[in-house]
$ cat run12.txt   # compact mmCIF, C-alpha atoms
# COMPACT_ATOMS: atom_id res chain seq x y z
CA MET A 1 -71.38 -39.75 -6.28
CA ALA A 2 -68.24 -40.29 -8.32
CA SER A 3 -65.21 -41.18 -6.30
CA LEU A 4 -62.30 -38.76 -5.97
CA LYS A 5 -60.09 -40.91 -8.16
CA GLU A 6 -62.66 -40.96 -10.97
CA LEU A 7 -63.00 -37.18 -10.82
CA ARG A 8 -59.23 -36.76 -10.94
CA ASN A 9 -59.06 -38.92 -14.04
CA ARG A 10 -61.83 -36.97 -15.78
CA ILE A 11 -60.10 -33.68 -15.08
CA ALA A 12 -56.79 -35.00 -16.41
CA SER A 13 -58.41 -36.26 -19.61
CA VAL A 14 -60.32 -33.03 -20.28
CA LYS A 15 -57.11 -31.11 -19.72
CA ALA A 16 -55.35 -33.27 -22.30
CA THR A 17 -58.16 -32.64 -24.79
CA GLN A 18 -57.93 -28.93 -24.16
CA LYS A 19 -54.22 -29.00 -24.91
CA ILE A 20 -54.89 -30.71 -28.23
CA THR A 21 -57.64 -28.33 -29.30
CA ARG A 22 -55.52 -25.33 -28.32
CA ALA A 23 -52.63 -26.63 -30.40
CA MET A 24 -54.96 -27.26 -33.34
CA GLN A 25 -56.31 -23.74 -33.05
CA MET A 26 -52.81 -22.29 -33.21
CA VAL A 27 -51.89 -24.47 -36.18
CA ALA A 28 -55.07 -23.39 -37.95
CA ALA A 29 -54.27 -19.74 -37.22
CA SER A 30 -50.87 -19.95 -38.84
CA LYS A 31 -52.17 -21.97 -41.78
CA LEU A 32 -54.95 -19.44 -42.19
CA ARG A 33 -52.43 -16.63 -42.55
CA ARG A 34 -50.68 -18.54 -45.31
CA ALA A 35 -53.91 -19.52 -47.05
CA GLN A 36 -55.13 -15.95 -46.90
CA ALA A 37 -51.90 -14.67 -48.39
CA ALA A 38 -52.16 -17.24 -51.19
CA ALA A 39 -55.75 -16.23 -51.91
CA GLU A 40 -54.77 -12.58 -52.04
CA ALA A 41 -51.76 -13.26 -54.26
CA ALA A 42 -53.99 -15.04 -56.76
CA ARG A 43 -56.44 -12.18 -56.97
CA PRO A 44 -54.66 -9.95 -59.53
CA TYR A 45 -54.55 -12.77 -62.06
CA SER A 46 -58.23 -13.61 -61.89
CA GLU A 47 -59.18 -9.94 -61.86
CA ARG A 48 -57.18 -9.20 -65.00
CA MET A 49 -58.58 -12.33 -66.55
CA ALA A 50 -62.14 -11.21 -65.84
CA THR A 51 -61.47 -7.76 -67.32
CA VAL A 52 -60.01 -9.11 -70.52
CA LEU A 53 -62.66 -11.78 -70.84
CA GLY A 54 -65.42 -9.25 -70.28
CA ASN A 55 -64.11 -7.05 -73.05
CA LEU A 56 -63.60 -9.86 -75.50
CA ALA A 57 -66.92 -11.46 -74.70
CA GLY A 58 -68.74 -8.26 -75.48
CA SER A 59 -67.48 -8.36 -79.05
CA VAL A 60 -68.62 -11.91 -79.78
CA ALA A 61 -71.84 -11.85 -77.74
CA GLY A 62 -74.93 -12.65 -79.73
CA ARG A 63 -73.02 -14.17 -82.61
CA ASP A 64 -74.04 -17.61 -83.73
CA ASP A 65 -70.53 -18.97 -83.79
CA ALA A 66 -69.68 -17.82 -80.27
CA PRO A 67 -67.67 -20.46 -78.40
CA LYS A 68 -69.82 -22.96 -76.52
CA LEU A 69 -67.96 -22.37 -73.28
CA LEU A 70 -69.22 -18.80 -73.39
CA ALA A 71 -72.63 -19.08 -74.99
CA GLY A 72 -73.62 -22.48 -73.61
CA THR A 73 -74.93 -25.45 -75.53
CA GLY A 74 -78.36 -23.93 -75.87
CA SER A 75 -79.88 -26.21 -73.27
CA ASP A 76 -79.82 -26.48 -69.49
CA GLN A 77 -81.02 -30.02 -69.17
CA ARG A 78 -77.88 -31.63 -67.81
CA HIS A 79 -76.06 -30.17 -64.82
CA LEU A 80 -72.66 -30.88 -63.38
CA LEU A 81 -72.17 -29.87 -59.76
CA LEU A 82 -68.58 -29.52 -58.67
CA VAL A 83 -68.59 -29.68 -54.87
CA ALA A 84 -65.36 -28.50 -53.27
CA THR A 85 -64.99 -29.28 -49.57
CA ALA A 86 -62.19 -30.01 -47.15
CA GLU A 87 -60.34 -33.28 -46.75
CA ARG A 88 -60.53 -33.17 -42.98
CA GLY A 89 -63.20 -32.60 -40.41
CA LEU A 90 -63.03 -30.77 -37.08
CA CYS A 91 -63.84 -27.46 -38.69
CA GLY A 92 -67.33 -26.76 -37.43
CA ALA A 93 -70.14 -26.56 -39.95
CA PHE A 94 -67.78 -25.79 -42.84
CA ASN A 95 -68.22 -29.01 -44.82
CA THR A 96 -71.85 -29.46 -43.87
CA SER A 97 -72.89 -26.02 -45.04
CA ILE A 98 -71.26 -26.40 -48.47
CA ALA A 99 -72.78 -29.85 -48.84
CA ARG A 100 -76.17 -28.53 -47.76
CA LEU A 101 -76.09 -25.82 -50.43
CA ALA A 102 -75.15 -28.39 -53.06
CA ARG A 103 -77.82 -30.79 -51.85
CA GLU A 104 -80.55 -28.17 -51.98
CA ARG A 105 -79.53 -27.27 -55.52
CA ALA A 106 -79.40 -30.90 -56.58
CA GLU A 107 -82.83 -31.63 -55.09
CA GLU A 108 -84.29 -28.61 -56.82
CA LEU A 109 -82.82 -29.62 -60.17
CA ILE A 110 -84.00 -33.20 -59.85
CA ARG A 111 -87.51 -31.95 -58.98
CA ASP A 112 -87.48 -29.91 -62.17
CA GLY A 113 -86.69 -33.04 -64.13
CA LYS A 114 -83.08 -32.15 -64.91
CA GLU A 115 -80.21 -34.56 -65.01
CA VAL A 116 -77.68 -34.06 -62.25
CA GLN A 117 -74.10 -35.24 -62.02
CA ILE A 118 -71.88 -34.54 -59.07
CA LEU A 119 -68.11 -34.34 -59.04
CA CYS A 120 -66.67 -34.12 -55.55
CA VAL A 121 -63.41 -32.44 -54.67
CA GLY A 122 -62.51 -33.34 -51.11
CA LYS A 123 -63.48 -36.38 -49.13
CA LYS A 124 -65.79 -34.79 -46.59
CA GLY A 125 -68.33 -33.50 -49.07
CA HIS A 126 -68.34 -36.88 -50.74
CA ASP A 127 -69.05 -38.58 -47.41
CA ILE A 128 -72.07 -36.38 -46.82
CA LEU A 129 -73.48 -36.43 -50.35
CA LYS A 130 -73.06 -40.12 -51.09
CA ARG A 131 -75.84 -41.02 -48.68
CA GLU A 132 -78.46 -39.37 -50.86
CA PHE A 133 -76.89 -38.99 -54.27
CA ALA A 134 -74.69 -42.05 -54.62
CA ALA A 135 -76.11 -42.70 -58.09
CA HIS A 136 -75.32 -39.17 -59.26
CA ILE A 137 -71.74 -38.91 -58.07
CA ILE A 138 -69.37 -39.57 -60.94
CA ASP A 139 -66.10 -39.27 -59.09
CA LEU A 140 -64.18 -38.03 -56.10
CA ILE A 141 -61.05 -35.99 -56.63
CA ASP A 142 -58.77 -36.49 -53.68
CA LEU A 143 -56.46 -33.66 -52.67
CA ARG A 144 -55.37 -35.20 -49.39
CA ALA A 145 -51.78 -35.56 -50.55
CA VAL A 146 -51.65 -31.89 -51.49
CA LYS A 147 -50.26 -29.66 -48.75
CA ARG A 148 -50.67 -26.36 -50.53
CA VAL A 149 -53.07 -26.00 -53.39
CA GLY A 150 -51.09 -25.14 -56.52
CA PHE A 151 -52.38 -24.00 -59.86
CA ALA A 152 -51.44 -27.41 -61.28
CA ASP A 153 -54.02 -29.08 -59.01
CA ALA A 154 -56.74 -26.69 -60.12
CA ASP A 155 -55.67 -27.13 -63.72
CA THR A 156 -56.11 -30.89 -63.48
CA ILE A 157 -59.66 -30.41 -62.21
CA GLY A 158 -60.34 -27.75 -64.85
CA LYS A 159 -59.13 -30.05 -67.62
CA ARG A 160 -61.31 -32.81 -66.25
CA VAL A 161 -64.36 -30.55 -66.43
CA LEU A 162 -63.44 -29.50 -69.97
CA THR A 163 -63.03 -33.09 -71.10
CA LEU A 164 -66.49 -33.88 -69.74
CA PHE A 165 -67.81 -30.82 -71.55
CA ASP A 166 -66.18 -31.84 -74.82
CA GLU A 167 -67.74 -35.26 -74.47
CA GLU A 168 -71.04 -33.42 -74.15
CA THR A 169 -72.00 -34.98 -70.86
CA PHE A 170 -73.35 -31.77 -69.35
CA ASP A 171 -74.66 -28.32 -70.32
CA VAL A 172 -74.17 -26.28 -67.18
CA CYS A 173 -71.44 -26.58 -64.59
CA THR A 174 -71.60 -24.99 -61.15
CA ILE A 175 -68.91 -25.02 -58.49
CA PHE A 176 -69.73 -25.00 -54.78
CA TYR A 177 -67.28 -23.64 -52.25
CA ALA A 178 -67.12 -21.37 -49.22
CA GLU A 179 -66.10 -17.81 -49.82
CA PHE A 180 -63.81 -16.40 -47.17
CA LYS A 181 -65.27 -13.24 -45.67
CA SER A 182 -63.50 -13.22 -42.33
CA VAL A 183 -62.28 -15.61 -39.67
CA ILE A 184 -65.76 -15.92 -38.23
CA SER A 185 -67.73 -15.78 -41.47
CA GLN A 186 -67.46 -18.07 -44.46
CA VAL A 187 -70.26 -17.98 -46.95
CA PRO A 188 -71.14 -21.11 -48.94
CA THR A 189 -71.29 -19.97 -52.55
CA ALA A 190 -72.37 -21.41 -55.88
CA ARG A 191 -70.67 -20.06 -58.98
CA GLN A 192 -71.42 -21.00 -62.54
CA LEU A 193 -68.35 -22.16 -64.47
CA VAL A 194 -69.85 -23.20 -67.78
CA PRO A 195 -71.16 -21.33 -69.66
CA ALA A 196 -68.76 -18.68 -68.41
CA GLU A 197 -70.31 -15.98 -66.31
CA VAL A 198 -68.99 -12.80 -67.77
CA PRO A 199 -69.59 -9.41 -66.26
CA THR A 200 -71.57 -7.41 -68.78
CA GLY A 201 -72.75 -3.88 -69.24
CA ASP A 202 -71.80 -1.52 -66.48
CA ASP A 203 -70.14 -4.21 -64.40
CA VAL A 204 -67.27 -4.53 -66.82
CA PRO A 205 -64.26 -2.81 -65.34
CA GLU A 206 -63.23 -0.22 -67.86
CA LEU A 207 -60.22 -1.31 -69.88
CA ASP A 208 -57.95 1.66 -70.20
CA THR A 209 -57.58 1.95 -73.93
CA GLY A 210 -57.54 5.68 -74.23
CA ASP A 211 -58.92 6.40 -77.66
CA ALA A 212 -56.80 3.80 -79.38
CA ILE A 213 -58.16 0.66 -80.94
CA TYR A 214 -57.02 -2.63 -79.51
CA GLU A 215 -55.15 -4.95 -81.79
CA TYR A 216 -55.25 -8.66 -81.31
CA GLU A 217 -52.69 -11.22 -82.30
CA PRO A 218 -53.81 -13.82 -83.29
CA ASP A 219 -57.40 -12.63 -83.85
CA GLU A 220 -60.02 -12.14 -81.15
CA ASP A 221 -61.63 -15.51 -81.67
CA ALA A 222 -58.33 -17.35 -81.26
CA ILE A 223 -57.53 -15.48 -78.06
CA LEU A 224 -61.00 -16.15 -76.72
CA ALA A 225 -60.69 -19.85 -77.57
CA ASP A 226 -57.43 -19.91 -75.62
CA LEU A 227 -58.78 -17.87 -72.76
CA LEU A 228 -62.06 -19.61 -71.99
CA PRO A 229 -60.64 -23.02 -71.02
CA ARG A 230 -57.98 -21.26 -68.99
CA ASN A 231 -60.67 -19.26 -67.25
CA VAL A 232 -62.30 -22.47 -66.00
CA SER A 233 -59.05 -23.55 -64.36
CA VAL A 234 -58.54 -20.10 -62.88
CA GLN A 235 -62.03 -20.07 -61.40
CA VAL A 236 -61.47 -23.54 -59.92
CA PHE A 237 -58.15 -22.38 -58.52
CA ARG A 238 -59.76 -19.36 -56.95
CA ALA A 239 -62.49 -21.48 -55.41
CA LEU A 240 -59.93 -23.91 -53.99
CA LEU A 241 -57.91 -21.10 -52.45
CA GLU A 242 -60.99 -19.47 -50.95
CA ASN A 243 -61.96 -22.87 -49.62
CA ALA A 244 -58.55 -23.44 -48.05
CA ALA A 245 -58.71 -20.10 -46.25
CA SER A 246 -62.32 -20.68 -45.19
CA GLU A 247 -61.54 -24.14 -43.87
CA MET A 248 -58.76 -22.82 -41.68
CA GLY A 249 -60.93 -19.94 -40.49
CA ALA A 250 -63.75 -22.34 -39.59
CA LYS A 251 -61.32 -24.70 -37.92
CA MET A 252 -59.83 -21.91 -35.87
CA THR A 253 -63.24 -20.81 -34.61
CA ALA A 254 -64.33 -24.39 -33.91
CA MET A 255 -61.15 -25.17 -32.01
CA ASP A 256 -61.38 -21.91 -30.06
CA ASN A 257 -64.88 -22.90 -28.95
CA ALA A 258 -63.72 -26.39 -28.06
CA THR A 259 -60.87 -25.00 -25.96
CA ARG A 260 -63.28 -22.71 -24.13
CA ASN A 261 -65.77 -25.52 -23.53
CA ALA A 262 -63.02 -27.71 -22.15
CA GLY A 263 -62.04 -24.88 -19.81
CA GLU A 264 -65.61 -24.58 -18.50
CA MET A 265 -65.79 -28.32 -18.03
CA ILE A 266 -62.54 -28.34 -16.07
CA ASP A 267 -63.85 -25.57 -13.79
CA GLY A 268 -67.05 -27.51 -13.13
CA LEU A 269 -65.24 -30.75 -12.46
CA THR A 270 -62.69 -29.09 -10.18
CA LEU A 271 -65.52 -27.58 -8.13
CA THR A 272 -67.20 -30.97 -7.72
CA TYR A 273 -63.84 -32.54 -6.85
CA ASN A 274 -63.14 -30.00 -4.11
CA ARG A 275 -66.64 -30.26 -2.67
CA THR A 276 -66.46 -34.04 -2.56
CA ARG A 277 -63.08 -33.93 -0.88
CA GLN A 278 -64.32 -31.44 1.71
CA ALA A 279 -67.41 -33.53 2.37
CA MET A 280 -65.24 -36.58 3.02
CA ILE A 281 -62.96 -34.68 5.40
CA THR A 282 -65.98 -33.37 7.30
CA LYS A 283 -67.46 -36.84 7.47
CA GLU A 284 -64.24 -38.29 8.88
CA LEU A 285 -64.02 -35.50 11.45
CA ILE A 286 -67.60 -36.11 12.58
CA GLU A 287 -66.83 -39.79 12.93
CA ILE A 288 -63.76 -39.08 15.09
CA ILE A 289 -65.54 -36.54 17.27
CA SER A 290 -68.63 -38.67 17.82
CA GLY A 291 -66.35 -41.61 18.56
CA ALA A 292 -64.49 -39.54 21.21
CA GLU A 293 -67.75 -38.30 22.77
CA ALA A 294 -69.02 -41.82 23.14
CA LEU A 295 -66.17 -42.73 25.45
CA MET B 1 -32.36 7.53 -69.75
CA ALA B 2 -35.27 6.05 -71.59
CA GLU B 3 -38.81 6.61 -70.48
CA THR B 4 -40.29 3.80 -68.48
CA PHE B 5 -43.68 2.14 -68.39
CA GLN B 6 -45.44 -0.01 -65.82
CA PHE B 7 -44.69 -3.72 -66.23
CA GLU B 8 -46.61 -6.43 -64.40
CA LEU B 9 -45.95 -10.13 -64.48
CA VAL B 10 -48.72 -12.16 -62.89
CA SER B 11 -49.00 -15.91 -62.47
CA PRO B 12 -52.10 -17.57 -61.00
CA GLU B 13 -50.22 -18.07 -57.77
CA ARG B 14 -48.77 -14.61 -57.25
CA LEU B 15 -47.78 -11.24 -58.58
CA LEU B 16 -44.16 -11.73 -59.62
CA MET B 17 -43.18 -8.28 -60.77
CA SER B 18 -44.75 -4.88 -60.76
CA GLU B 19 -42.42 -2.03 -61.50
CA PRO B 20 -41.54 0.54 -64.13
CA VAL B 21 -39.22 -0.79 -66.84
CA ALA B 22 -37.67 0.64 -69.96
CA GLU B 23 -38.07 -2.27 -72.34
CA ALA B 24 -39.60 -5.73 -72.47
CA VAL B 25 -39.29 -8.43 -75.12
CA VAL B 26 -42.25 -10.79 -75.10
CA PRO B 27 -42.58 -14.19 -76.81
CA GLY B 28 -45.88 -13.70 -78.64
CA ASP B 29 -47.58 -16.61 -80.33
CA GLU B 30 -46.79 -15.14 -83.72
CA GLY B 31 -43.27 -14.00 -82.91
CA TYR B 32 -41.29 -12.07 -80.36
CA PHE B 33 -42.19 -8.43 -79.94
CA THR B 34 -40.62 -5.59 -78.03
CA VAL B 35 -42.65 -3.21 -75.93
CA LEU B 36 -41.46 0.31 -75.25
CA LYS B 37 -43.28 3.22 -73.69
CA GLY B 38 -46.20 4.37 -75.79
CA HIS B 39 -46.82 1.07 -77.55
CA ALA B 40 -50.24 0.86 -79.20
CA PRO B 41 -52.87 -1.14 -77.25
CA PHE B 42 -52.30 -4.72 -78.20
CA MET B 43 -53.07 -8.17 -76.97
CA SER B 44 -51.39 -11.43 -77.81
CA THR B 45 -51.27 -14.97 -76.57
CA LEU B 46 -47.88 -16.30 -75.50
CA LYS B 47 -45.82 -19.26 -76.55
CA PRO B 48 -43.41 -20.91 -74.12
CA GLY B 49 -40.37 -18.67 -74.17
CA VAL B 50 -38.28 -16.10 -72.42
CA VAL B 51 -39.34 -12.60 -71.45
CA ASP B 52 -36.45 -10.12 -71.38
CA VAL B 53 -37.03 -7.15 -69.14
CA LYS B 54 -34.70 -4.17 -68.98
CA ARG B 55 -35.12 -1.75 -66.13
CA GLU B 56 -32.88 0.74 -67.87
CA GLU B 57 -32.14 1.07 -71.52
CA SER B 58 -28.53 0.03 -71.26
CA GLY B 59 -28.97 -2.21 -68.24
CA GLN B 60 -28.74 -5.94 -67.90
CA ALA B 61 -31.87 -7.75 -69.04
CA GLU B 62 -33.72 -9.82 -66.53
CA ARG B 63 -34.74 -13.11 -68.15
CA ILE B 64 -37.87 -14.94 -67.13
CA PHE B 65 -39.20 -18.16 -68.57
CA VAL B 66 -42.96 -18.06 -69.16
CA ARG B 67 -45.32 -20.70 -70.38
CA GLY B 68 -48.86 -20.21 -71.60
CA GLY B 69 -50.97 -17.14 -71.06
CA PHE B 70 -51.20 -13.78 -72.72
CA ALA B 71 -49.76 -10.31 -72.78
CA ASP B 72 -51.88 -7.21 -72.63
CA VAL B 73 -50.40 -3.90 -73.69
CA SER B 74 -52.60 -0.99 -72.73
CA VAL B 75 -52.06 2.72 -72.31
CA SER B 76 -51.19 2.16 -68.68
CA GLY B 77 -48.50 -0.43 -69.37
CA LEU B 78 -47.79 -4.07 -70.07
CA THR B 79 -49.38 -6.90 -68.16
CA ILE B 80 -48.32 -10.48 -68.72
CA LEU B 81 -50.62 -13.16 -67.40
CA ALA B 82 -48.56 -16.33 -67.50
CA GLU B 83 -49.69 -19.75 -66.43
CA GLU B 84 -46.17 -20.42 -65.27
CA ALA B 85 -43.34 -17.93 -64.76
CA ILE B 86 -39.88 -18.81 -63.46
CA PRO B 87 -36.71 -16.71 -63.54
CA LEU B 88 -34.53 -18.31 -66.19
CA ALA B 89 -31.72 -18.99 -63.75
CA GLU B 90 -34.06 -21.12 -61.63
CA VAL B 91 -35.48 -23.24 -64.44
CA ASP B 92 -34.67 -26.85 -63.83
CA PRO B 93 -32.96 -28.14 -67.00
CA GLU B 94 -34.00 -31.67 -66.19
CA ALA B 95 -37.67 -30.79 -65.86
CA LEU B 96 -37.44 -28.99 -69.18
CA ALA B 97 -35.70 -31.97 -70.75
CA ALA B 98 -38.56 -34.14 -69.49
CA ASP B 99 -41.02 -31.74 -71.12
CA VAL B 100 -39.09 -32.00 -74.37
CA ARG B 101 -39.20 -35.78 -74.21
CA ASN B 102 -42.95 -35.62 -73.60
CA ALA B 103 -43.35 -33.32 -76.57
CA GLU B 104 -41.30 -35.71 -78.71
CA GLU B 105 -43.61 -38.52 -77.71
CA ASP B 106 -46.62 -36.36 -78.56
CA VAL B 107 -45.21 -35.83 -82.03
CA ALA B 108 -44.67 -39.55 -82.46
CA ASP B 109 -48.15 -40.38 -81.14
CA ALA B 110 -50.02 -37.75 -83.15
CA LYS B 111 -52.76 -39.38 -85.18
CA ASP B 112 -53.72 -36.67 -87.65
CA ALA B 113 -51.87 -33.84 -89.32
CA ASP B 114 -53.32 -31.08 -87.15
CA THR B 115 -52.34 -32.57 -83.81
CA LYS B 116 -48.96 -33.45 -85.25
CA ALA B 117 -48.36 -29.89 -86.40
CA ALA B 118 -49.40 -28.54 -83.00
CA ALA B 119 -47.16 -31.01 -81.18
CA GLU B 120 -44.22 -30.21 -83.43
CA LEU B 121 -44.68 -26.52 -82.83
CA HIS B 122 -44.73 -27.08 -79.08
CA LEU B 123 -41.59 -29.22 -79.29
CA HIS B 124 -39.84 -26.58 -81.34
CA GLN B 125 -40.73 -23.87 -78.82
CA LEU B 126 -39.41 -25.95 -75.93
CA ARG B 127 -36.15 -26.64 -77.76
CA GLU B 128 -35.77 -22.92 -78.34
CA VAL B 129 -36.05 -22.29 -74.61
CA GLN B 130 -33.54 -25.05 -73.94
CA SER B 131 -30.99 -23.49 -76.23
CA ALA B 132 -31.68 -20.06 -74.71
CA ILE B 133 -30.81 -21.46 -71.30
CA GLN B 134 -27.64 -23.11 -72.53
CA ASN B 135 -26.48 -19.93 -74.22
CA GLY B 136 -27.44 -17.78 -71.28
CA ARG B 137 -25.25 -19.56 -68.77

$ encode --input "run12.txt" --output "structure tokens"
Amino acid sequence: MASLKELRNRIASVKATQKITRAMQMVAASKLRRAQAAAEAARPYSERMATVLGNLAGSVAGRDDAPKLLAGTGSDQRHLLLVATAERGLCGAFNTSIARLARERAEELIRDGKEVQILCVGKKGHDILKREFAAHIIDLIDLRAVKRVGFADADTIGKRVLTLFDEETFDVCTIFYAEFKSVISQVPTARQLVPAEVPTGDDVPELDTGDAIYEYEPDEDAILADLLPRNVSVQVFRALLENAASEMGAKMTAMDNATRNAGEMIDGLTLTYNRTRQAMITKELIEIISGAEAL
Amino acid sequence: MAETFQFELVSPERLLMSEPVAEAVVPGDEGYFTVLKGHAPFMSTLKPGVVDVKREESGQAERIFVRGGFADVSVSGLTILAEEAIPLAEVDPEALAADVRNAEEDVADAKDADTKAAAELHLHQLREVQSAIQNGR
């Protein structure tokens, strides 16, 4: 049986761990609030963007000269997977579940004989994916220095994707991230960036035009050409914000569990400690009494 | 008192303004245009410039620097989706000067006529904003 001193040390160390995890949980909670607010603040922009894009896209759909970002290159042979994960661990299955979704997709595509390229955003996803897909990963975009994701960061990534597209290195681009549902639920999601997924038919939110006819300045095609590249950046931005909120949510839950586990462990250890101490006292008493009786 | 319409200014990061205003002057790609209540549905891309918003007809205009994006005038009001939007008073003149220098370099580096024309246009727009700031203070 462990000595009393050893037990005391164990208890002290678990208590220290518990303090750390509790602090991390509280930090995650406050960061989550901020991340959630940022995600909500960004929503009007992307919603308006989707509405306008949907309406414009309807008018050029089916035309031969439709922009490639909208209509695609006419092939789906080469895929670019943009995998957005966190820069840090200690957030439960958050990184693993995004990476798993991306891996399943990549395996499926490779089985079908497609070409796959992977662009990682965030170190953790890269760490997981490089074991299997080292040859497919083209780069890792590091956001560790970034405290709060700004549109400029997303824009850099968006531009990168567009440059790759202009160089005709891929046909279809999909982004992987975790959508924030609630503190306890984050859903790994895949969203197609290129060609742009545009709500069509009944899904298009009605643009309130009354009976008037919309005028465009410059013409529709020019606006669309301006809008589509911007849409890529906006979608990336949205994914990054969702990811930031999800990461903090996952971290909060993970740290809450860790704190609770540490508490249970402390209870168990304290019980053993007390029992051992009592046993020793009893033993000493017996020794004294039997010594006295022997006289 | 002029009639007002709903004005919204949205950047990717947040909703900057959402309130009824009397008049807004918007830097469209093909020239500044003024929006009043009852403007015909209209959509335009933006050039870097200054949006002037008046809450009341005779009131002081609120000036906001916007860069990139588009304006959407519908029956329900005016929505500006700007990539960047900063109240003019908070624009950092040095950052803007750096942008102007960059644009000047772009003009010098331009290899063909098209890129050169585009770069010159961009430079011109930035200079316009610069002078607007200097006059406004």

$ atom_distance --input "run12.txt" --atom1 "atom CA of B:Gly68" --atom2 "atom CA of A:Leu162"
17.4 Å

$ interface_residues --input "run12.txt" --of "chain B" --to "chain A" --cutoff "7 Å" --atoms "all atoms listed in the file" --output "count of residues only"
15

$ closest_residue --input "run12.txt" --among "A:Arg8, A:Arg22, A:Lys124, A:Lys159" --to "A:Thr253" --atoms "only C-alpha atoms"
A:Arg22

$ residues_around --input "run12.txt" --residues "stretch 113-123 of chain B" --least-positions-apart "2" --cutoff "12 Å" --atoms "all atoms listed in the file" --output "PyMOL selection string"
chain B and resi 29-30+46-49+67-68+96-111+125-130

$ residues_around --input "run12.txt" --residues "A:Ala190" --least-positions-apart "5" --cutoff "10 Å" --atoms "only C-alpha atoms" --output "list in words"
Leu81, Leu82, Val83, Ile98, Leu101, Ala102, Arg105, Thr174, Ile175, Phe176, Tyr177, Ala178, Glu179 and Ala239 of chain A

$ closest_residue --input "run12.txt" --among "A:Asn274, A:Ser97, A:Ser59, A:Thr169" --to "A:Thr73" --atoms "only C-alpha atoms"
A:Thr169

$ closest_residue --input "run12.txt" --among "A:Leu4, A:Ala106, A:Ile11, A:Ala99" --to "A:Thr270" --atoms "all atoms listed in the file"
A:Ile11

$ residues_near_point --input "run12.txt" --point "(-69.5, -41.4, -53.5)" --cutoff "12 Å" --atoms "all atoms listed in the file" --output "PyMOL selection string"
chain A and resi 83+117-142

$ write_last_selection --input "run12.txt" --atoms "C-alpha atoms" --output "compact mmCIF listing (two decimals), in the frame of the given file"
# COMPACT_ATOMS: atom_id res chain seq x y z
CA VAL A 83 -68.59 -29.68 -54.87
CA GLN A 117 -74.10 -35.24 -62.02
CA ILE A 118 -71.88 -34.54 -59.07
CA LEU A 119 -68.11 -34.34 -59.04
CA CYS A 120 -66.67 -34.12 -55.55
CA VAL A 121 -63.41 -32.44 -54.67
CA GLY A 122 -62.51 -33.34 -51.11
CA LYS A 123 -63.48 -36.38 -49.13
CA LYS A 124 -65.79 -34.79 -46.59
CA GLY A 125 -68.33 -33.50 -49.07
CA HIS A 126 -68.34 -36.88 -50.74
CA ASP A 127 -69.05 -38.58 -47.41
CA ILE A 128 -72.07 -36.38 -46.82
CA LEU A 129 -73.48 -36.43 -50.35
CA LYS A 130 -73.06 -40.12 -51.09
CA ARG A 131 -75.84 -41.02 -48.68
CA GLU A 132 -78.46 -39.37 -50.86
CA PHE A 133 -76.89 -38.99 -54.27
CA ALA A 134 -74.69 -42.05 -54.62
CA ALA A 135 -76.11 -42.70 -58.09
CA HIS A 136 -75.32 -39.17 -59.26
CA ILE A 137 -71.74 -38.91 -58.07
CA ILE A 138 -69.37 -39.57 -60.94
CA ASP A 139 -66.10 -39.27 -59.09
CA LEU A 140 -64.18 -38.03 -56.10
CA ILE A 141 -61.05 -35.99 -56.63
CA ASP A 142 -58.77 -36.49 -53.68

$ residues_near_point --input "run12.txt" --point "(-47.9, 1.2, -72.9)" --cutoff "10 Å" --atoms "all atoms listed in the file" --output "MDAnalysis selection string"
(chainID A and resid 209) or (chainID B and resid 4:7 35:42 72:79)

$ residues_around --input "run12.txt" --residues "A:Lys31" --least-positions-apart "6" --cutoff "12 Å" --atoms "all atoms listed in the file" --output "mmCIF file with C-alpha atoms, in the frame of the given file"
data_model
loop_
_atom_site.group_PDB
_atom_site.id
_atom_site.type_symbol
_atom_site.label_atom_id
_atom_site.label_comp_id
_atom_site.auth_asym_id
_atom_site.auth_seq_id
_atom_site.Cartn_x
_atom_site.Cartn_y
_atom_site.Cartn_z
ATOM 1 C CA MET A 24 -54.960 -27.260 -33.340
ATOM 2 C CA GLN A 25 -56.310 -23.740 -33.050
ATOM 3 C CA ALA A 37 -51.900 -14.670 -48.390
ATOM 4 C CA ALA A 38 -52.160 -17.240 -51.190
ATOM 5 C CA LYS A 147 -50.260 -29.660 -48.750
ATOM 6 C CA ARG A 148 -50.670 -26.360 -50.530
ATOM 7 C CA ALA A 244 -58.550 -23.440 -48.050
ATOM 8 C CA ALA A 245 -58.710 -20.100 -46.250
ATOM 9 C CA SER A 246 -62.320 -20.680 -45.190
ATOM 10 C CA GLU A 247 -61.540 -24.140 -43.870
ATOM 11 C CA MET A 248 -58.760 -22.820 -41.680
ATOM 12 C CA GLY A 249 -60.930 -19.940 -40.490
ATOM 13 C CA ALA A 250 -63.750 -22.340 -39.590
ATOM 14 C CA LYS A 251 -61.320 -24.700 -37.920
ATOM 15 C CA MET A 252 -59.830 -21.910 -35.870
#

$ atom_distance --input "run12.txt" --atom1 "atom CA of B:Leu9" --atom2 "atom CA of A:Leu56"
20.8 Å

$ residues_around --input "run12.txt" --residues "A:Glu115" --least-positions-apart "2" --cutoff "10 Å" --atoms "only C-alpha atoms" --output "VMD selection string"
chain A and resid 76 to 80 106 109 to 113 117 136 170 to 171
